[in-house]
Structures are given as C-alpha cells and as structure tokens.
file work.cif (mmCIF, C-alpha atoms and all ligand atoms)
data_entry
#
loop_
_atom_site.label_atom_id
_atom_site.label_comp_id
_atom_site.auth_asym_id
_atom_site.auth_seq_id
_atom_site.Cartn_x
_atom_site.Cartn_y
_atom_site.Cartn_z
CA MET A 1 -13.61 -8.39 -1.43
CA ILE A 2 -17.11 -7.39 -0.32
CA PHE A 3 -17.56 -4.15 1.58
CA GLY A 4 -20.55 -3.08 3.60
CA PRO A 5 -21.83 0.45 3.22
CA ARG A 6 -20.56 2.03 6.42
CA ILE A 7 -17.48 4.24 6.31
CA GLU A 8 -15.71 4.70 9.65
CA LEU A 9 -14.84 8.37 10.27
CA LYS A 10 -12.16 8.84 12.92
CA SER A 11 -12.30 11.28 15.80
CA PRO A 12 -9.17 13.36 16.54
CA GLU A 13 -8.34 10.90 19.34
CA GLN A 14 -8.63 7.96 16.96
CA LEU A 15 -6.41 9.72 14.41
CA VAL A 16 -3.66 9.82 17.03
CA SER A 17 -3.88 6.04 17.29
CA MET A 18 -3.94 5.76 13.49
CA ARG A 19 -0.74 7.80 13.34
CA ARG A 20 0.93 5.55 15.90
CA ALA A 21 -0.05 2.47 13.91
CA GLY A 22 1.16 4.18 10.75
CA LEU A 23 4.57 5.05 12.16
CA LEU A 24 5.04 1.51 13.45
CA THR A 25 4.05 0.20 10.03
CA SER A 26 6.70 2.45 8.50
CA ALA A 27 9.31 1.04 10.91
CA VAL A 28 8.23 -2.51 10.07
CA LEU A 29 8.75 -1.87 6.36
CA GLN A 30 12.10 -0.18 6.90
CA ALA A 31 13.32 -3.19 8.90
CA ALA A 32 12.12 -5.53 6.18
CA ARG A 33 13.78 -3.43 3.50
CA ALA A 34 17.08 -3.45 5.40
CA ALA A 35 16.92 -7.25 5.77
CA ALA A 36 16.18 -7.84 2.08
CA VAL A 37 19.80 -8.25 1.03
CA PRO A 38 21.28 -10.67 -1.52
CA GLY A 39 21.38 -14.16 0.03
CA ALA A 40 18.66 -13.55 2.60
CA THR A 41 15.56 -15.70 2.53
CA THR A 42 12.17 -14.05 2.43
CA ALA A 43 11.44 -15.77 5.77
CA GLU A 44 14.41 -13.88 7.27
CA VAL A 45 12.98 -10.62 5.95
CA ASP A 46 9.65 -11.49 7.59
CA ALA A 47 11.42 -12.26 10.88
CA ALA A 48 13.08 -8.83 10.85
CA ALA A 49 9.68 -7.23 10.35
CA GLU A 50 8.06 -9.30 13.09
CA ALA A 51 10.78 -8.33 15.58
CA VAL A 52 9.79 -4.67 15.22
CA ILE A 53 6.14 -5.44 15.92
CA THR A 54 6.99 -7.62 18.91
CA GLU A 55 9.40 -5.07 20.35
CA ALA A 56 6.71 -2.40 20.15
CA GLY A 57 4.26 -4.61 22.02
CA ALA A 58 1.95 -4.38 19.01
CA GLN A 59 0.13 -6.97 16.92
CA SER A 60 0.42 -8.01 13.29
CA ASN A 61 -2.64 -7.50 11.13
CA PHE A 62 -1.26 -9.73 8.37
CA LYS A 63 -0.35 -12.86 10.35
CA GLY A 64 -3.46 -14.99 10.63
CA TYR A 65 -5.44 -12.80 8.23
CA GLN A 66 -7.57 -15.40 6.41
CA GLY A 67 -4.79 -17.80 7.39
CA PHE A 68 -1.85 -15.78 6.01
CA PRO A 69 1.24 -17.13 7.82
CA ALA A 70 3.54 -14.06 8.00
CA VAL A 71 3.63 -10.40 9.08
CA VAL A 72 4.56 -9.13 5.61
CA CYS A 73 3.81 -10.15 2.04
CA ILE A 74 6.95 -10.40 -0.09
CA SER A 75 6.39 -10.47 -3.84
CA VAL A 76 9.40 -11.00 -6.12
CA ASN A 77 9.76 -10.02 -9.79
CA GLU A 78 6.66 -11.35 -11.63
CA GLU A 79 4.79 -11.66 -8.32
CA ILE A 80 2.44 -8.70 -7.87
CA VAL A 81 1.06 -9.04 -4.34
CA HIS A 82 0.47 -11.49 -1.47
CA GLY A 83 3.72 -13.43 -1.82
CA ILE A 84 4.31 -15.70 1.20
CA PRO A 85 7.72 -15.43 2.93
CA GLY A 86 9.61 -18.72 2.98
CA ASP A 87 12.77 -20.43 1.75
CA ARG A 88 13.23 -18.32 -1.35
CA VAL A 89 16.70 -16.77 -1.43
CA LEU A 90 16.77 -13.18 -2.65
CA GLU A 91 19.23 -12.43 -5.43
CA SER A 92 20.97 -9.21 -6.29
CA GLY A 93 18.77 -7.32 -8.74
CA ASP A 94 15.48 -8.91 -7.71
CA LEU A 95 12.53 -6.52 -7.79
CA VAL A 96 10.81 -7.00 -4.43
CA SER A 97 7.54 -5.57 -3.14
CA ILE A 98 7.06 -5.69 0.62
CA ASP A 99 3.57 -5.10 2.05
CA GLY A 100 3.06 -4.94 5.81
CA GLY A 101 1.14 -3.46 8.67
CA ALA A 102 0.54 -3.41 12.39
CA ILE A 103 -2.18 -2.82 14.97
CA ILE A 104 -1.84 -0.37 17.89
CA ASP A 105 -4.69 0.53 20.27
CA GLY A 106 -6.99 -1.45 17.98
CA PHE A 107 -6.14 0.68 14.92
CA HIS A 108 -4.42 -0.57 11.78
CA GLY A 109 -1.64 0.62 9.51
CA ASP A 110 -1.01 -0.79 6.02
CA SER A 111 1.78 0.19 3.62
CA ALA A 112 3.88 -1.27 0.83
CA LEU A 113 7.06 -0.41 -1.03
CA THR A 114 9.07 -1.81 -3.90
CA MET A 115 12.87 -2.10 -3.86
CA ILE A 116 15.77 -3.57 -5.78
CA VAL A 117 17.74 -6.17 -3.79
CA GLY A 118 21.33 -4.95 -3.58
CA GLY A 119 20.33 -1.37 -4.36
CA ASP A 120 19.27 0.39 -7.55
CA GLY A 121 22.71 -0.18 -9.05
CA ALA A 122 21.99 -3.92 -9.10
CA GLY A 123 18.64 -3.58 -10.85
CA SER A 124 17.55 -3.30 -14.46
CA GLY A 125 16.59 0.11 -15.77
CA ALA A 126 13.16 -1.24 -16.62
CA ASP A 127 12.55 -2.47 -13.06
CA ILE A 128 13.68 0.82 -11.54
CA ALA A 129 11.46 2.76 -13.94
CA LEU A 130 8.52 0.48 -13.11
CA SER A 131 8.93 1.01 -9.38
CA ARG A 132 9.30 4.79 -9.75
CA ALA A 133 6.21 4.93 -11.98
CA THR A 134 4.18 2.94 -9.45
CA GLU A 135 5.35 5.09 -6.55
CA LYS A 136 4.46 8.20 -8.56
CA ALA A 137 1.02 6.77 -9.33
CA MET A 138 0.51 6.29 -5.57
CA TRP A 139 1.40 9.93 -4.87
CA VAL A 140 -0.91 11.05 -7.68
CA GLY A 141 -3.67 9.12 -5.91
CA ILE A 142 -2.80 10.60 -2.52
CA ALA A 143 -2.77 14.11 -4.01
CA ALA A 144 -6.23 13.44 -5.47
CA PHE A 145 -7.41 12.37 -2.01
CA ALA A 146 -6.01 15.62 -0.59
CA ALA A 147 -7.55 17.88 -3.23
CA GLY A 148 -10.53 15.88 -4.48
CA ASN A 149 -14.19 15.66 -3.58
CA LYS A 150 -15.00 11.99 -4.12
CA VAL A 151 -13.16 8.74 -3.44
CA SER A 152 -13.46 7.98 -7.15
CA ASP A 153 -11.26 11.02 -7.88
CA ILE A 154 -8.35 8.86 -6.67
CA GLY A 155 -8.81 6.13 -9.27
CA ASP A 156 -9.55 8.68 -11.98
CA ALA A 157 -6.29 10.50 -11.23
CA ILE A 158 -4.20 7.30 -11.10
CA ASP A 159 -5.73 5.99 -14.33
CA ASP A 160 -5.26 9.28 -16.17
CA HIS A 161 -1.68 9.58 -14.92
CA VAL A 162 -0.69 6.06 -15.97
CA SER A 163 -2.39 6.29 -19.37
CA GLY A 164 -0.70 9.63 -19.98
CA GLU A 165 2.78 9.11 -18.54
CA ALA A 166 3.33 5.35 -18.66
CA PRO A 167 0.93 3.93 -21.27
CA ASP A 168 3.08 0.81 -21.79
CA LEU A 169 2.66 -0.30 -18.17
CA GLY A 170 -0.19 -2.54 -17.05
CA LEU A 171 -2.54 -1.13 -14.39
CA ILE A 172 -3.89 -3.91 -12.17
CA GLU A 173 -7.65 -3.66 -11.67
CA GLU A 174 -8.36 -6.83 -9.69
CA PHE A 175 -6.89 -5.49 -6.44
CA THR A 176 -7.84 -2.19 -4.89
CA GLY A 177 -7.19 0.15 -2.02
CA HIS A 178 -9.60 0.33 0.89
CA GLY A 179 -10.75 2.12 3.97
CA ILE A 180 -8.67 1.36 7.08
CA GLY A 181 -9.16 1.87 10.81
CA THR A 182 -10.46 -0.60 13.39
CA ALA A 183 -9.99 -3.23 10.67
CA MET A 184 -7.40 -3.47 7.92
CA HIS A 185 -9.95 -3.70 5.12
CA MET A 186 -13.06 -1.56 5.46
CA PRO A 187 -15.33 0.42 3.18
CA PRO A 188 -14.92 2.21 0.88
CA GLU A 189 -13.19 0.30 -1.89
CA VAL A 190 -10.57 2.55 -3.53
CA LEU A 191 -10.24 1.70 -7.21
CA ASN A 192 -7.00 2.39 -9.04
CA TYR A 193 -8.80 3.01 -12.32
CA ARG A 194 -11.53 5.15 -13.80
CA ALA A 195 -14.98 3.68 -13.26
CA ARG A 196 -18.50 4.93 -13.83
CA SER A 197 -19.59 5.11 -10.23
CA ASN A 198 -18.72 8.22 -8.27
CA GLY A 199 -18.38 6.53 -4.92
CA PRO A 200 -18.66 8.30 -1.58
CA LYS A 201 -17.54 11.82 -0.79
CA ILE A 202 -14.17 12.42 0.81
CA ARG A 203 -14.88 13.54 4.38
CA SER A 204 -12.96 14.64 7.43
CA GLY A 205 -11.97 11.62 9.53
CA MET A 206 -11.75 9.32 6.49
CA CYS A 207 -8.70 7.03 6.40
CA LEU A 208 -7.80 5.14 3.23
CA ALA A 209 -5.08 2.81 2.01
CA ILE A 210 -4.10 3.94 -1.50
CA GLU A 211 -2.16 1.23 -3.31
CA PRO A 212 -1.68 1.06 -7.06
CA MET A 213 0.01 -1.95 -8.67
CA LEU A 214 1.67 -1.70 -12.08
CA THR A 215 3.32 -4.27 -14.33
CA ALA A 216 5.81 -3.93 -17.14
CA GLY A 217 3.39 -5.80 -19.41
CA SER A 218 -0.05 -7.30 -19.09
CA SER A 219 -2.52 -6.40 -16.36
CA GLU A 220 -3.88 -9.96 -16.38
CA THR A 221 -3.18 -11.89 -13.19
CA THR A 222 -3.20 -15.46 -11.86
CA THR A 223 -3.26 -16.67 -8.25
CA LEU A 224 -0.82 -19.53 -7.65
CA ALA A 225 -1.71 -22.90 -6.10
CA ASP A 226 -0.68 -21.58 -2.64
CA ASP A 227 -3.95 -19.58 -2.85
CA TRP A 228 -2.11 -16.33 -2.08
CA THR A 229 0.66 -15.37 -4.47
CA VAL A 230 -0.63 -13.29 -7.38
CA VAL A 231 1.57 -13.24 -10.49
CA THR A 232 1.39 -11.58 -13.89
CA ASP A 233 0.07 -13.87 -16.62
CA ASP A 234 2.84 -12.87 -19.02
CA GLY A 235 5.73 -13.10 -16.53
CA SER A 236 6.37 -9.37 -16.65
CA HIS A 237 7.63 -7.76 -13.46
CA ALA A 238 5.33 -5.92 -11.09
CA SER A 239 5.51 -3.15 -8.48
CA HIS A 240 3.23 -2.23 -5.57
CA TRP A 241 3.32 0.94 -3.46
CA GLU A 242 0.89 1.79 -0.67
CA HIS A 243 0.34 4.35 2.06
CA SER A 244 -2.42 4.74 4.64
CA VAL A 245 -3.65 8.34 4.58
CA ALA A 246 -6.02 10.42 6.71
CA LYS A 247 -8.22 13.40 5.91
CA HIS A 248 -9.04 15.68 8.82
CA ASP A 249 -10.27 19.20 9.40
CA GLY A 250 -6.79 20.66 8.87
CA GLY A 251 -5.90 18.79 5.69
CA VAL A 252 -4.38 15.45 4.78
CA TRP A 253 -1.66 13.43 6.54
CA VAL A 254 0.13 10.33 5.27
CA LEU A 255 -0.04 8.10 8.33
CA THR A 256 2.56 5.56 7.19
CA ALA A 257 5.16 8.11 6.00
CA GLU A 258 7.59 9.41 8.62
CA ASP A 259 7.36 12.93 7.15
CA GLY A 260 3.57 12.73 6.83
CA GLY A 261 3.93 12.78 3.05
CA ALA A 262 5.73 16.15 2.82
CA ALA A 263 8.30 15.02 0.24
CA GLY A 264 5.89 12.97 -1.85
CA LEU A 265 3.22 15.68 -1.97
CA ALA A 266 5.57 18.64 -2.55
CA PRO A 267 5.53 18.21 -6.37
CA PHE A 268 1.75 18.67 -6.24
CA GLY A 269 1.98 21.89 -4.21
CA ILE A 270 0.33 20.15 -1.24
CA THR A 271 1.64 20.54 2.30
CA PRO A 272 0.40 17.79 4.61
CA VAL A 273 -0.94 18.82 8.00
CA PRO A 274 -0.59 16.58 11.05
CA PRO A 275 -3.77 15.69 12.91
CA ALA A 276 -4.29 17.76 16.05
CA VAL A 277 -2.64 16.34 19.14
CA VAL A 278 -5.37 15.56 21.65
MG MG A 301 -0.97 -3.54 2.15
MG MG A 302 -3.88 -2.45 1.68
#
call {"tool": "encode", "arguments": {"input": "work.cif", "output": "structure tokens", "more": "lines below"}}
Ligand code: MG
Ligand code: MG
result
Amino acid sequence: MIFGPRIELKSPEQLVSMRRAGLLTSAVLQAARAAAVPGATTAEVDAAAEAVITEAGAQSNFKGYQGFPAVVCISVNEEIVHGIPGDRVLESGDLVSIDGGAIIDGFHGDSALTMIVGGDGAGSGADIALSRATEKAMWVGIAAFAAGNKVSDIGDAIDDHVSGEAPDLGLIEEFTGHGIGTAMHMPPEVLNYRARSNGPKIRSGMCLAIEPMLTAGSSETTTLADDWTVVTDDGSHASHWEHSVAKHDGGVWVLTAEDGGAAGLAPFGITPVPPAVV
C-alpha cells in the first residue's frame, strides 16, 4: 500500500459524518456476527451485513474495492484477513474474523472483530485467548493514540504490549492500520510494530483505523490463489480487531464503537469524549 504525504484533518462537521459512518459500520458488524452461526455460509453472513447498509441508504466501501466482491471480509481459522465470503459453511468452534465498513455522506467507517462460531463455549481455549489478546492489543493502540504524541507511538505500544504480555503470539507486520476519512485507506500508515521512523504527529481532526493482527504461531503470511485471502504460513490460527478512531479538541472518540470506546479505554484511565455536535 503506497500512501501520499497528505493527512486529512476533519472539521467538527466532518467528524459528525465520521461518527455516523462509524455507527453504521458497528451495526454492519453486529449483523454479520449474529448471522455467523453454525451451518451458515460466509455468503449468508455477507448478505446480512449488506442488508444493513442497504436499509440505511448507505454504500459499501468494501464491495468493488480493487474488485473485492463482498461488503465484509470473513477470515476463518488460519485465514488472517481479506477472506472472501462464499460457499464455506461455518462450523461450531470456528475462529472467525469479520472486517467491514460503510460510507455515509462521503465518509468511511472501517472495523473488524473476531468471534467464535457458536459462542465462546464452542471454541478452544487457545483461540479465545488469541482473540482476547488481539482485542487487547487494539485497545493498547487506541490508548496510545489518545495519550501519545506521534502516530508511531501506536505501533510502539502494541509491539511492547505483545512482546511483554503475549510473546508466543505472532504479530503480523505486512498489514497495517491507516488514516480514514473521505477514502477508506489514506495517509498515514499505522504500523502495528516498533519501527525507526517517528511518523507524523497526532493532531486534532486526525482519524485512524487501528487494527492489529495476531497469530498463535508464525507471523509469516501467504496470499492464496484468489489474490485476496491471507493465511498463516504455519496454519496457526489468527485474529484481527479494528476500530476507526478520531482525535479532536476535546479528546479521543472511537467512531466504530457504540459507547465511543468507554469500556475498552476504562482500563487505561481514559474517558473518551464525543466530538462536538455541530
Ligand atoms: Mg478493516
Ligand atoms: Mg482497515
């Protein structure tokens, strides 16, 4: 992914649109999660997500993106990201990552979650721990965005957290978070690992998608012959969590979380602040 240098900073009015897109994205993912039951095909899960977008009179930012054929990516077990919905039948205990988004008023939302098909009781302890660790890594990154000075503080915090708390898990480096706004993928690139460059400063009006991916084994990846689905080289399972977040004059707000990130940020002593209503 090549990014140009310009970072789009949102006005208060534009943040209102970003919040609308974020809330719709949250609803899209919740519908997909509810449809991802044992026996359902991944195409049926995609259809449930698409119905929410259609009903809202909004547009998908995934369908047609570089030819992607669906409104969500569904990645199962050893698939990390970009799985294409289709005939695959979900089984109880599958570890499933769902990544989706939507466009409202020309502004984009982007979010991902990982779940166990049939509920946590159906899953392996290792899969549940992997998903929880990945979700935690995402919140560590969001907290660094809230409290940090530079975009690179996010990757530093995620990397340090994973190396310290979950050193046996693989941290994917080939895929990154990104700026988001009038396009789904915009500058800056948001690394999930510690790198030498400092990157740009975190500024009011900045909106980012923060999205770590962890595996239970190797961090080496392969893209399948469908040119989309990314799997772990060693067959270990993978998890992906993502939120779109905004920095504004009052603080930080998680655009794709219904509670604005209140629950996820509470352990860090951070209270999210909604953007001003304009
Ligand atoms: Mg995404
Ligand atoms: Mg993204």
call {"tool": "closest_residue", "arguments": {"input": "work.cif", "among": "A:Ala49, A:Ala21, A:Ile210, A:Leu171", "to": "ligand MG 301 (chain A)", "atoms": "only C-alpha atoms and all ligand atoms"}}
result
A:Ile210
call {"tool": "atom_distance", "arguments": {"input": "work.cif", "atom1": "CA of Ala122 in chain A", "atom2": "CA of Ser97 in chain A"}}
result
15.7 Å
call {"tool": "residues_near_point", "arguments": {"input": "work.cif", "point": "(-13.8, 0.1, 13.9)", "cutoff": "9 Å", "atoms": "only C-alpha atoms", "output": "list in words"}}
result
Glu8, Lys10, Gly106, Phe107, Ile180, Gly181, Thr182, Ala183 and Met186 of chain A
call {"tool": "residues_near_ligand", "arguments": {"input": "work.cif", "ligand": "ligand MG 301 (chain A)", "cutoff": "12 Å", "atoms": "all atoms listed in the file", "output": "JSON, numbers by chain"}}
result
{"A": [22, 25, 26, 29, 61, 62, 65, 71, 72, 73, 74, 75, 80, 81, 82, 83, 97, 98, 99, 100, 101, 102, 108, 109, 110, 111, 112, 113, 114, 175, 176, 177, 178, 179, 180, 184, 185, 208, 209, 210, 211, 212, 213, 240, 241, 242, 243, 244, 256]}
call {"tool": "closest_residue", "arguments": {"input": "work.cif", "among": "A:Ile7, A:Cys207, A:Ile158, A:Ile84", "to": "ligand MG 302 (chain A)", "atoms": "all atoms listed in the file"}}
result
A:Cys207
call {"tool": "closest_residue", "arguments": {"input": "work.cif", "among": "A:Met206, A:Val117, A:Ala263, A:Val52", "to": "Pro12 in chain A", "atoms": "all atoms listed in the file"}}
result
A:Met206
call {"tool": "closest_residue", "arguments": {"input": "work.cif", "among": "A:Pro275, A:Gly217, A:Pro167, A:Gly251", "to": "Ser11 in chain A", "atoms": "all atoms listed in the file"}}
result
A:Pro275
call {"tool": "closest_residue", "arguments": {"input": "work.cif", "among": "A:Pro272, A:Gly86, A:Gly170, A:Gly155", "to": "Ala195 in chain A", "atoms": "only C-alpha atoms"}}
result
A:Gly155
call {"tool": "atom_distance", "arguments": {"input": "work.cif", "atom1": "CA of Leu224 in chain A", "atom2": "CA of Asn77 in chain A"}}
result
14.4 Å
call {"tool": "atom_distance", "arguments": {"input": "work.cif", "atom1": "CA of Glu258 in chain A", "atom2": "CA of Val76 in chain A"}}
result
25.2 Å
call {"tool": "closest_residue", "arguments": {"input": "work.cif", "among": "A:Ala225, A:Ile103, A:Ala147, A:Leu214", "to": "Glu135 in chain A", "atoms": "only C-alpha atoms"}}
result
A:Leu214
call {"tool": "residues_around", "arguments": {"input": "work.cif", "residues": "Thr42 in chain A", "least_positions_apart": "2", "cutoff": "6 Å", "atoms": "all atoms listed in the file", "output": "MDAnalysis selection string"}}
result
chainID A and resid 44:45 85:86 88
call {"tool": "residues_near_point", "arguments": {"input": "work.cif", "point": "(6.7, 0.7, -19.1)", "cutoff": "10 Å", "atoms": "all atoms listed in the file", "output": "count of residues only"}}
result
17
